[in-house]
Amino acid sequence: MKLLVLGDLASVHMKRWTDYLGCDYEIYGFTFAETNVTSIPKSNVLFYSSNFHKKTWCITAVRQLLKFFRDVKPDVVHVHYASSYGLLASFLKTNKKVLSAWGSDVNYCQNSFLRRILMRYTLASYPVVNCASKALAARAVAISSHPRYEVFQYGIDINISVKRGQEKVSNPTFIINRGFLDIYRVDYVIREFDQYLSNGGKGTLLVYGYGSQKDESRVCGTINECKNKHSIFFKGKVKHSVLFDSMSNAQYYISIPTTDGAPLALYEAMHIGLYPIVSNIESNRETFSMGYAEFLHDDSVGSLTTIFSNLTRKDIDTKEVEINRRIVKESYNYQKNTSRMKDIYSDLAQR
C-alpha cells in the first residue's frame, strides 16, 4: 500500500509517526521542510519551496501537490497540521485521506473569524480527522461536524526504562521540558522556583526545551537574574537518552502551558515515574480525571511557589505514580495507537 504523508519531515513527531509504518507501507512525503529526519527515502520526498512568504505556501504549493499526487497514486493520504498542510491537501479530491489536527490548529480559531472559516472548510474536506484529546475534538466539532473524529495521538514508547519506586530525598529535582514561547511559561517557572528556594525550599530545577536563539537568551537571562541561580540549570535541547537519564533521577515534572495540547514529554515523565505539576486546562483535566497531578490554577506571583513547598513536605505516593503509568500504557501507548492509525488507513483504502 502506498502512503503519502504531508507534514514537517524535519520534526521528531513526524519521525515517530512514520518510523513505525515503514515496514508495512511504501511511504512518500510532501514537505515544506528543508531536511528529512524520517525514514522516508529522500527519493520519495518532494521538498517544496518558493519565493513567496512561507505562510502562503499552503496555497502556492497546490499545483505541485496535485502533480505529485497524480504521479505517486497513493492508496491513502495522511496530513499533519490542519492550518497549513491541512488546507493545502483539502484541494486533493479524494476521500482516502485523514487529517491529524493539533492544539495550535484549533485553539487559535477561537478569536479569529477568518481562521474559523478556513478551518471549517479544511476540516469538512476530510472524511476522518484525528485529534490528540477529547477537548481538542470538541472544539473541532464546534467548527465542523462533518468528519468522523478519532481521538488519540501516537503516544510514547512504553518500553523506555522506569523508576523503581520513590524514596524521600532531601534535595528533589524538578524538570521542565517545553518550548520557550510565552504559552509554556518557562520564565514564570524559573522565577517561582527561585522564590521557593529563597523561602527555604530545597532542590534543583533543570530547564530543558527548545526555541530560537532569542528565546534561549531570554530564558538564560531570567536564570541569571535569580538569587539562587546556582540551583537552576539551563539544559536546552538534548537527545532523548540524555533527557531520560535525567528524568530517572528526578522527582517532579512541570508542564503548565496556557493552551490545550497533549504533550508527549508529559506522558514520558509520567511513565518514567515523575510526579506531574500541570496547568488547569481541559486536556490535563482529561488526562488526570483518573490519575494524579498537582494543578496550577493561575500564574500569579507565589502560586507555583506554594505548590513546590506543599509537594516537598510530603512523600510521593508510589500508588499514584503507578496509576499514572497505567493511564499512559492504556491511552498514550505508541505501539497501540499507531496500530489504530493503520486501521484507519485500511478503512479508507477500501472505500
# chains A, B, ... in the order shown; residues from 1 in each chain; ligands from 1
$ residues_around --residues "Leu123 of chain A" --least-positions-apart "6" --cutoff "9 Å" --atoms "only C-alpha atoms" --output "short mmCIF file (atom, residue, chain, number, x, y, z; two decimals) with N, CA, C and O atoms, in the first residue's frame"
data_model
loop_
_atom_site.label_atom_id
_atom_site.label_comp_id
_atom_site.auth_asym_id
_atom_site.auth_seq_id
_atom_site.Cartn_x
_atom_site.Cartn_y
_atom_site.Cartn_z
N ALA A 82 -3.45 20.97 10.54
CA ALA A 82 -4.56 21.45 9.73
C ALA A 82 -4.35 22.83 9.15
O ALA A 82 -4.77 23.13 8.03
N GLY A 86 -2.96 20.92 6.10
CA GLY A 86 -4.36 20.50 6.01
C GLY A 86 -5.14 21.29 4.98
O GLY A 86 -5.91 20.73 4.19
N LEU A 87 -4.93 22.61 4.98
CA LEU A 87 -5.58 23.45 3.98
C LEU A 87 -5.08 23.10 2.59
O LEU A 87 -5.86 22.99 1.63
N SER A 90 -6.60 19.91 1.29
CA SER A 90 -8.05 19.98 1.08
C SER A 90 -8.36 20.07 -0.42
O SER A 90 -9.49 19.77 -0.84
N LEU A 99 -6.71 13.54 8.42
CA LEU A 99 -6.02 14.73 8.91
C LEU A 99 -5.76 14.60 10.40
O LEU A 99 -6.66 14.25 11.17
N ALA A 101 -5.09 16.88 13.48
CA ALA A 101 -5.16 18.27 13.91
C ALA A 101 -4.59 18.39 15.32
O ALA A 101 -4.73 17.48 16.14
N VAL A 129 -10.83 12.87 10.84
CA VAL A 129 -9.90 13.79 11.49
C VAL A 129 -9.48 13.20 12.82
O VAL A 129 -10.31 12.77 13.62
N ALA A 140 -13.04 21.11 17.68
CA ALA A 140 -13.08 20.88 16.24
C ALA A 140 -14.51 20.61 15.77
O ALA A 140 -14.95 21.13 14.73
N ILE A 143 -16.54 23.58 15.19
CA ILE A 143 -16.21 24.27 13.94
C ILE A 143 -16.81 23.55 12.75
O ILE A 143 -17.40 24.16 11.86
N SER A 144 -16.67 22.21 12.72
CA SER A 144 -17.25 21.41 11.64
C SER A 144 -17.58 20.02 12.16
O SER A 144 -16.71 19.32 12.66
N SER A 145 -18.82 19.62 12.01
CA SER A 145 -19.26 18.30 12.46
C SER A 145 -19.22 17.28 11.33
O SER A 145 -19.62 16.13 11.51
N HIS A 146 -18.70 17.68 10.17
CA HIS A 146 -18.74 16.79 9.00
C HIS A 146 -17.85 15.55 9.15
O HIS A 146 -18.29 14.43 8.85
N PRO A 147 -16.58 15.69 9.57
CA PRO A 147 -15.72 14.49 9.58
C PRO A 147 -16.09 13.52 10.70
O PRO A 147 -16.83 13.87 11.64
#
$ closest_atom_pairs --of "segment 255-274 of chain A" --to "segment 6-26 of chain A" --cutoff "12 Å" --atoms "only C-alpha atoms" --output "JSON lines"
{"residue": "A:Pro263", "atom": "CA", "partner": "A:His13", "partner_atom": "CA", "distance": 10.9}
{"residue": "A:Leu264", "atom": "CA", "partner": "A:His13", "partner_atom": "CA", "distance": 9.3}
{"residue": "A:Ala265", "atom": "CA", "partner": "A:His13", "partner_atom": "CA", "distance": 11.5}
$ closest_residue --among "A:Val45, A:Ala269, A:Leu205, A:Ala142" --to "Leu243 of chain A" --atoms "only C-alpha atoms"
A:Ala269
$ residues_around --residues "Ser279 of chain A" --least-positions-apart "2" --cutoff "10 Å" --atoms "only C-alpha atoms" --output "PyMOL selection string"
chain A and resi 184+254-260+276-277+281-285+293-299
$ write_last_selection --atoms "N, CA, C and O atoms" --output "PDB file, in the first residue's frame"
ATOM      1  N   TYR A 184       4.233  28.564  27.258  1.00  0.00           N
ATOM      2  CA  TYR A 184       4.723  27.488  28.120  1.00  0.00           C
ATOM      3  C   TYR A 184       5.209  27.995  29.483  1.00  0.00           C
ATOM      4  O   TYR A 184       5.547  27.196  30.348  1.00  0.00           O
ATOM      5  N   ILE A 254       7.232  19.469  35.402  1.00  0.00           N
ATOM      6  CA  ILE A 254       6.391  20.665  35.316  1.00  0.00           C
ATOM      7  C   ILE A 254       5.939  20.870  33.878  1.00  0.00           C
ATOM      8  O   ILE A 254       6.759  20.941  32.958  1.00  0.00           O
ATOM      9  N   SER A 255       4.623  20.980  33.653  1.00  0.00           N
ATOM     10  CA  SER A 255       4.062  21.231  32.327  1.00  0.00           C
ATOM     11  C   SER A 255       2.842  22.124  32.499  1.00  0.00           C
ATOM     12  O   SER A 255       1.749  21.647  32.789  1.00  0.00           O
ATOM     13  N   ILE A 256       3.037  23.441  32.330  1.00  0.00           N
ATOM     14  CA  ILE A 256       1.949  24.386  32.628  1.00  0.00           C
ATOM     15  C   ILE A 256       1.648  25.317  31.444  1.00  0.00           C
ATOM     16  O   ILE A 256       1.597  26.532  31.611  1.00  0.00           O
ATOM     17  N   PRO A 257       1.400  24.778  30.250  1.00  0.00           N
ATOM     18  CA  PRO A 257       1.059  25.653  29.117  1.00  0.00           C
ATOM     19  C   PRO A 257      -0.276  26.356  29.364  1.00  0.00           C
ATOM     20  O   PRO A 257      -1.115  25.883  30.139  1.00  0.00           O
ATOM     21  N   THR A 258      -0.472  27.488  28.690  1.00  0.00           N
ATOM     22  CA  THR A 258      -1.716  28.240  28.851  1.00  0.00           C
ATOM     23  C   THR A 258      -2.817  27.740  27.939  1.00  0.00           C
ATOM     24  O   THR A 258      -3.984  28.066  28.147  1.00  0.00           O
ATOM     25  N   THR A 259      -2.467  26.957  26.891  1.00  0.00           N
ATOM     26  CA  THR A 259      -3.464  26.449  25.953  1.00  0.00           C
ATOM     27  C   THR A 259      -3.398  24.930  25.894  1.00  0.00           C
ATOM     28  O   THR A 259      -2.403  24.318  26.268  1.00  0.00           O
ATOM     29  N   ASP A 260      -4.487  24.354  25.402  1.00  0.00           N
ATOM     30  CA  ASP A 260      -4.597  22.897  25.378  1.00  0.00           C
ATOM     31  C   ASP A 260      -3.683  22.252  24.370  1.00  0.00           C
ATOM     32  O   ASP A 260      -3.442  22.774  23.290  1.00  0.00           O
ATOM     33  N   PRO A 276       3.595  14.806  38.320  1.00  0.00           N
ATOM     34  CA  PRO A 276       3.345  15.952  37.439  1.00  0.00           C
ATOM     35  C   PRO A 276       2.804  17.179  38.182  1.00  0.00           C
ATOM     36  O   PRO A 276       1.984  17.076  39.101  1.00  0.00           O
ATOM     37  N   ILE A 277       3.253  18.333  37.736  1.00  0.00           N
ATOM     38  CA  ILE A 277       2.682  19.623  38.114  1.00  0.00           C
ATOM     39  C   ILE A 277       2.171  20.227  36.806  1.00  0.00           C
ATOM     40  O   ILE A 277       2.957  20.484  35.895  1.00  0.00           O
ATOM     41  N   ILE A 281      -6.026  23.095  32.493  1.00  0.00           N
ATOM     42  CA  ILE A 281      -6.648  23.224  31.181  1.00  0.00           C
ATOM     43  C   ILE A 281      -7.329  21.903  30.835  1.00  0.00           C
ATOM     44  O   ILE A 281      -7.082  20.873  31.457  1.00  0.00           O
ATOM     45  N   GLU A 282      -8.184  21.935  29.839  1.00  0.00           N
ATOM     46  CA  GLU A 282      -9.068  20.793  29.562  1.00  0.00           C
ATOM     47  C   GLU A 282      -8.313  19.486  29.308  1.00  0.00           C
ATOM     48  O   GLU A 282      -8.702  18.435  29.823  1.00  0.00           O
ATOM     49  N   SER A 283      -7.262  19.533  28.491  1.00  0.00           N
ATOM     50  CA  SER A 283      -6.563  18.294  28.166  1.00  0.00           C
ATOM     51  C   SER A 283      -5.938  17.668  29.410  1.00  0.00           C
ATOM     52  O   SER A 283      -5.925  16.440  29.555  1.00  0.00           O
ATOM     53  N   ASN A 284      -5.430  18.500  30.335  1.00  0.00           N
ATOM     54  CA  ASN A 284      -4.870  17.959  31.570  1.00  0.00           C
ATOM     55  C   ASN A 284      -5.955  17.422  32.490  1.00  0.00           C
ATOM     56  O   ASN A 284      -5.764  16.387  33.144  1.00  0.00           O
ATOM     57  N   ARG A 285      -7.089  18.110  32.552  1.00  0.00           N
ATOM     58  CA  ARG A 285      -8.193  17.580  33.359  1.00  0.00           C
ATOM     59  C   ARG A 285      -8.669  16.241  32.801  1.00  0.00           C
ATOM     60  O   ARG A 285      -9.051  15.331  33.544  1.00  0.00           O
ATOM     61  N   ALA A 293      -2.080  14.456  39.792  1.00  0.00           N
ATOM     62  CA  ALA A 293      -1.185  15.560  39.471  1.00  0.00           C
ATOM     63  C   ALA A 293      -1.516  16.717  40.390  1.00  0.00           C
ATOM     64  O   ALA A 293      -2.596  16.767  40.997  1.00  0.00           O
ATOM     65  N   GLU A 294      -0.602  17.649  40.487  1.00  0.00           N
ATOM     66  CA  GLU A 294      -0.858  18.895  41.213  1.00  0.00           C
ATOM     67  C   GLU A 294      -1.194  19.955  40.178  1.00  0.00           C
ATOM     68  O   GLU A 294      -0.419  20.201  39.249  1.00  0.00           O
ATOM     69  N   PHE A 295      -2.367  20.590  40.321  1.00  0.00           N
ATOM     70  CA  PHE A 295      -2.838  21.544  39.333  1.00  0.00           C
ATOM     71  C   PHE A 295      -2.506  22.976  39.731  1.00  0.00           C
ATOM     72  O   PHE A 295      -2.749  23.384  40.869  1.00  0.00           O
ATOM     73  N   LEU A 296      -1.952  23.729  38.768  1.00  0.00           N
ATOM     74  CA  LEU A 296      -1.739  25.158  38.929  1.00  0.00           C
ATOM     75  C   LEU A 296      -2.952  25.876  38.345  1.00  0.00           C
ATOM     76  O   LEU A 296      -3.244  25.742  37.156  1.00  0.00           O
ATOM     77  N   HIS A 297      -3.651  26.647  39.167  1.00  0.00           N
ATOM     78  CA  HIS A 297      -4.903  27.262  38.725  1.00  0.00           C
ATOM     79  C   HIS A 297      -4.720  28.672  38.172  1.00  0.00           C
ATOM     80  O   HIS A 297      -5.602  29.194  37.481  1.00  0.00           O
ATOM     81  N   ASP A 298      -3.609  29.310  38.490  1.00  0.00           N
ATOM     82  CA  ASP A 298      -3.326  30.630  37.933  1.00  0.00           C
ATOM     83  C   ASP A 298      -1.819  30.858  37.974  1.00  0.00           C
ATOM     84  O   ASP A 298      -1.087  30.090  38.596  1.00  0.00           O
ATOM     85  N   ASP A 299      -1.367  31.898  37.287  1.00  0.00           N
ATOM     86  CA  ASP A 299       0.073  32.169  37.270  1.00  0.00           C
ATOM     87  C   ASP A 299       0.414  33.456  38.018  1.00  0.00           C
ATOM     88  O   ASP A 299       1.307  34.195  37.634  1.00  0.00           O
TER      89      ASP A 299
END
$ select_by_dssp --residues "segment 56-283 of chain A" --states "strand (DSSP E or B)" --output "ChimeraX atom specification"
/A:76-80,97-101,128-131,148-151,156,173-179,204-210,232-236,252-255,275-279
$ residues_around --residues "Ser84 of chain A" --least-positions-apart "4" --cutoff "9 Å" --atoms "only C-alpha atoms" --output "MDAnalysis selection string"
chainID A and resid 7 55:59 80 88:89 105
$ write_last_selection --atoms "N, CA, C and O atoms" --output "PDB file, in the first residue's frame"
ATOM      1  N   GLY A   7       3.575  16.872   5.795  1.00  0.00           N
ATOM      2  CA  GLY A   7       3.904  17.409   7.104  1.00  0.00           C
ATOM      3  C   GLY A   7       5.351  17.834   7.186  1.00  0.00           C
ATOM      4  O   GLY A   7       6.100  17.762   6.203  1.00  0.00           O
ATOM      5  N   LYS A  55       4.237  31.581   4.813  1.00  0.00           N
ATOM      6  CA  LYS A  55       2.863  31.441   5.289  1.00  0.00           C
ATOM      7  C   LYS A  55       1.874  31.236   4.148  1.00  0.00           C
ATOM      8  O   LYS A  55       0.748  30.798   4.383  1.00  0.00           O
ATOM      9  N   THR A  56       2.283  31.554   2.916  1.00  0.00           N
ATOM     10  CA  THR A  56       1.386  31.389   1.769  1.00  0.00           C
ATOM     11  C   THR A  56       1.619  30.073   1.034  1.00  0.00           C
ATOM     12  O   THR A  56       0.902  29.777   0.078  1.00  0.00           O
ATOM     13  N   TRP A  57       2.598  29.289   1.480  1.00  0.00           N
ATOM     14  CA  TRP A  57       2.944  28.081   0.736  1.00  0.00           C
ATOM     15  C   TRP A  57       1.794  27.070   0.694  1.00  0.00           C
ATOM     16  O   TRP A  57       1.720  26.262  -0.234  1.00  0.00           O
ATOM     17  N   CYS A  58       0.921  27.088   1.689  1.00  0.00           N
ATOM     18  CA  CYS A  58      -0.208  26.149   1.679  1.00  0.00           C
ATOM     19  C   CYS A  58      -1.153  26.431   0.512  1.00  0.00           C
ATOM     20  O   CYS A  58      -2.010  25.598   0.193  1.00  0.00           O
ATOM     21  N   ILE A  59      -0.990  27.589  -0.140  1.00  0.00           N
ATOM     22  CA  ILE A  59      -1.777  27.908  -1.334  1.00  0.00           C
ATOM     23  C   ILE A  59      -0.921  27.799  -2.590  1.00  0.00           C
ATOM     24  O   ILE A  59      -1.334  27.203  -3.593  1.00  0.00           O
ATOM     25  N   HIS A  80      -0.651  16.065   8.355  1.00  0.00           N
ATOM     26  CA  HIS A  80      -0.391  16.513   9.718  1.00  0.00           C
ATOM     27  C   HIS A  80      -0.387  18.038   9.767  1.00  0.00           C
ATOM     28  O   HIS A  80       0.345  18.681   9.015  1.00  0.00           O
ATOM     29  N   LEU A  88      -3.779  22.880   2.447  1.00  0.00           N
ATOM     30  CA  LEU A  88      -3.200  22.501   1.150  1.00  0.00           C
ATOM     31  C   LEU A  88      -3.839  21.226   0.612  1.00  0.00           C
ATOM     32  O   LEU A  88      -4.283  21.165  -0.540  1.00  0.00           O
ATOM     33  N   ALA A  89      -3.899  20.173   1.442  1.00  0.00           N
ATOM     34  CA  ALA A  89      -4.406  18.877   0.985  1.00  0.00           C
ATOM     35  C   ALA A  89      -5.924  18.855   0.841  1.00  0.00           C
ATOM     36  O   ALA A  89      -6.474  17.883   0.313  1.00  0.00           O
ATOM     37  N   ASP A 105      -3.692  24.254  15.973  1.00  0.00           N
ATOM     38  CA  ASP A 105      -4.629  24.409  14.857  1.00  0.00           C
ATOM     39  C   ASP A 105      -5.959  24.976  15.351  1.00  0.00           C
ATOM     40  O   ASP A 105      -6.413  26.024  14.914  1.00  0.00           O
TER      41      ASP A 105
END
$ closest_residue --among "A:Leu206, A:Ala124, A:Met341, A:Leu65" --to "Glu150 of chain A" --atoms "only C-alpha atoms"
A:Met341
$ closest_residue --among "A:Leu92, A:Val79, A:Ile323, A:Val98" --to "Arg63 of chain A" --atoms "only C-alpha atoms"
A:Leu92
$ decode --residues "segment 321-346 of chain A" --atoms "N, CA, C and O atoms" --output "compact mmCIF listing (two decimals), in the first residue's frame"
# COMPACT_ATOMS: atom_id res chain seq x y z
N VAL A 321 1.82 7.14 41.39
CA VAL A 321 2.74 7.03 40.25
C VAL A 321 2.37 5.84 39.38
O VAL A 321 2.37 5.93 38.13
N GLU A 322 2.04 4.72 39.98
CA GLU A 322 1.68 3.52 39.23
C GLU A 322 0.37 3.72 38.46
O GLU A 322 0.22 3.23 37.34
N ILE A 323 -0.59 4.43 39.06
CA ILE A 323 -1.85 4.70 38.37
C ILE A 323 -1.61 5.58 37.16
O ILE A 323 -2.16 5.36 36.07
N ASN A 324 -0.76 6.60 37.30
CA ASN A 324 -0.42 7.46 36.17
C ASN A 324 0.25 6.66 35.06
O ASN A 324 -0.02 6.86 33.87
N ARG A 325 1.12 5.74 35.45
CA ARG A 325 1.81 4.91 34.45
C ARG A 325 0.80 4.02 33.72
O ARG A 325 0.91 3.80 32.51
N ARG A 326 -0.19 3.55 34.43
CA ARG A 326 -1.23 2.71 33.83
C ARG A 326 -2.04 3.52 32.80
O ARG A 326 -2.43 2.99 31.74
N ILE A 327 -2.31 4.79 33.10
CA ILE A 327 -3.03 5.65 32.17
C ILE A 327 -2.25 5.80 30.87
O ILE A 327 -2.81 5.72 29.78
N VAL A 328 -0.94 6.01 30.99
CA VAL A 328 -0.10 6.14 29.80
C VAL A 328 -0.13 4.85 28.99
O VAL A 328 -0.27 4.88 27.76
N LYS A 329 0.01 3.74 29.66
CA LYS A 329 0.03 2.45 28.98
C LYS A 329 -1.27 2.19 28.23
O LYS A 329 -1.27 1.61 27.13
N GLU A 330 -2.37 2.65 28.80
CA GLU A 330 -3.68 2.39 28.19
C GLU A 330 -4.01 3.38 27.07
O GLU A 330 -4.48 3.00 26.01
N SER A 331 -3.74 4.68 27.32
CA SER A 331 -4.24 5.71 26.41
C SER A 331 -3.17 6.37 25.55
O SER A 331 -3.48 6.94 24.51
N TYR A 332 -1.91 6.34 25.98
CA TYR A 332 -0.86 7.07 25.27
C TYR A 332 0.28 6.15 24.89
O TYR A 332 1.45 6.47 25.01
N ASN A 333 -0.09 5.00 24.38
CA ASN A 333 0.82 3.91 24.04
C ASN A 333 1.13 3.97 22.55
O ASN A 333 0.26 3.78 21.70
N TYR A 334 2.38 4.26 22.22
CA TYR A 334 2.80 4.44 20.82
C TYR A 334 2.47 3.22 19.96
O TYR A 334 1.92 3.34 18.87
N GLN A 335 2.82 2.04 20.44
CA GLN A 335 2.59 0.83 19.66
C GLN A 335 1.09 0.62 19.42
O GLN A 335 0.66 0.29 18.30
N LYS A 336 0.30 0.83 20.43
CA LYS A 336 -1.14 0.62 20.33
C LYS A 336 -1.80 1.66 19.42
O LYS A 336 -2.60 1.33 18.54
N ASN A 337 -1.44 2.93 19.60
CA ASN A 337 -2.12 3.99 18.86
C ASN A 337 -1.70 4.08 17.41
O ASN A 337 -2.50 4.46 16.55
N THR A 338 -0.45 3.74 17.11
CA THR A 338 -0.06 3.72 15.71
C THR A 338 -0.79 2.61 14.97
O THR A 338 -1.14 2.75 13.79
N SER A 339 -1.06 1.52 15.65
CA SER A 339 -1.87 0.45 15.06
C SER A 339 -3.29 0.93 14.79
O SER A 339 -3.92 0.52 13.81
N ARG A 340 -3.79 1.80 15.65
CA ARG A 340 -5.13 2.35 15.42
C ARG A 340 -5.15 3.19 14.15
O ARG A 340 -6.13 3.18 13.40
N MET A 341 -4.05 3.90 13.89
CA MET A 341 -3.98 4.68 12.65
C MET A 341 -3.92 3.75 11.44
O MET A 341 -4.52 4.05 10.39
N LYS A 342 -3.24 2.63 11.57
CA LYS A 342 -3.20 1.66 10.48
C LYS A 342 -4.61 1.17 10.15
O LYS A 342 -4.94 0.96 8.98
N ASP A 343 -5.44 0.99 11.17
CA ASP A 343 -6.82 0.55 10.94
C ASP A 343 -7.59 1.61 10.14
O ASP A 343 -8.42 1.28 9.28
N ILE A 344 -7.32 2.89 10.44
CA ILE A 344 -7.96 3.97 9.69
C ILE A 344 -7.50 3.95 8.24
O ILE A 344 -8.32 4.10 7.31
N TYR A 345 -6.20 3.74 8.03
CA TYR A 345 -5.69 3.63 6.66
C TYR A 345 -6.41 2.52 5.90
O TYR A 345 -6.83 2.70 4.74
N SER A 346 -6.55 1.37 6.52
CA SER A 346 -7.18 0.22 5.86
C SER A 346 -8.62 0.52 5.50
O SER A 346 -9.09 0.18 4.42
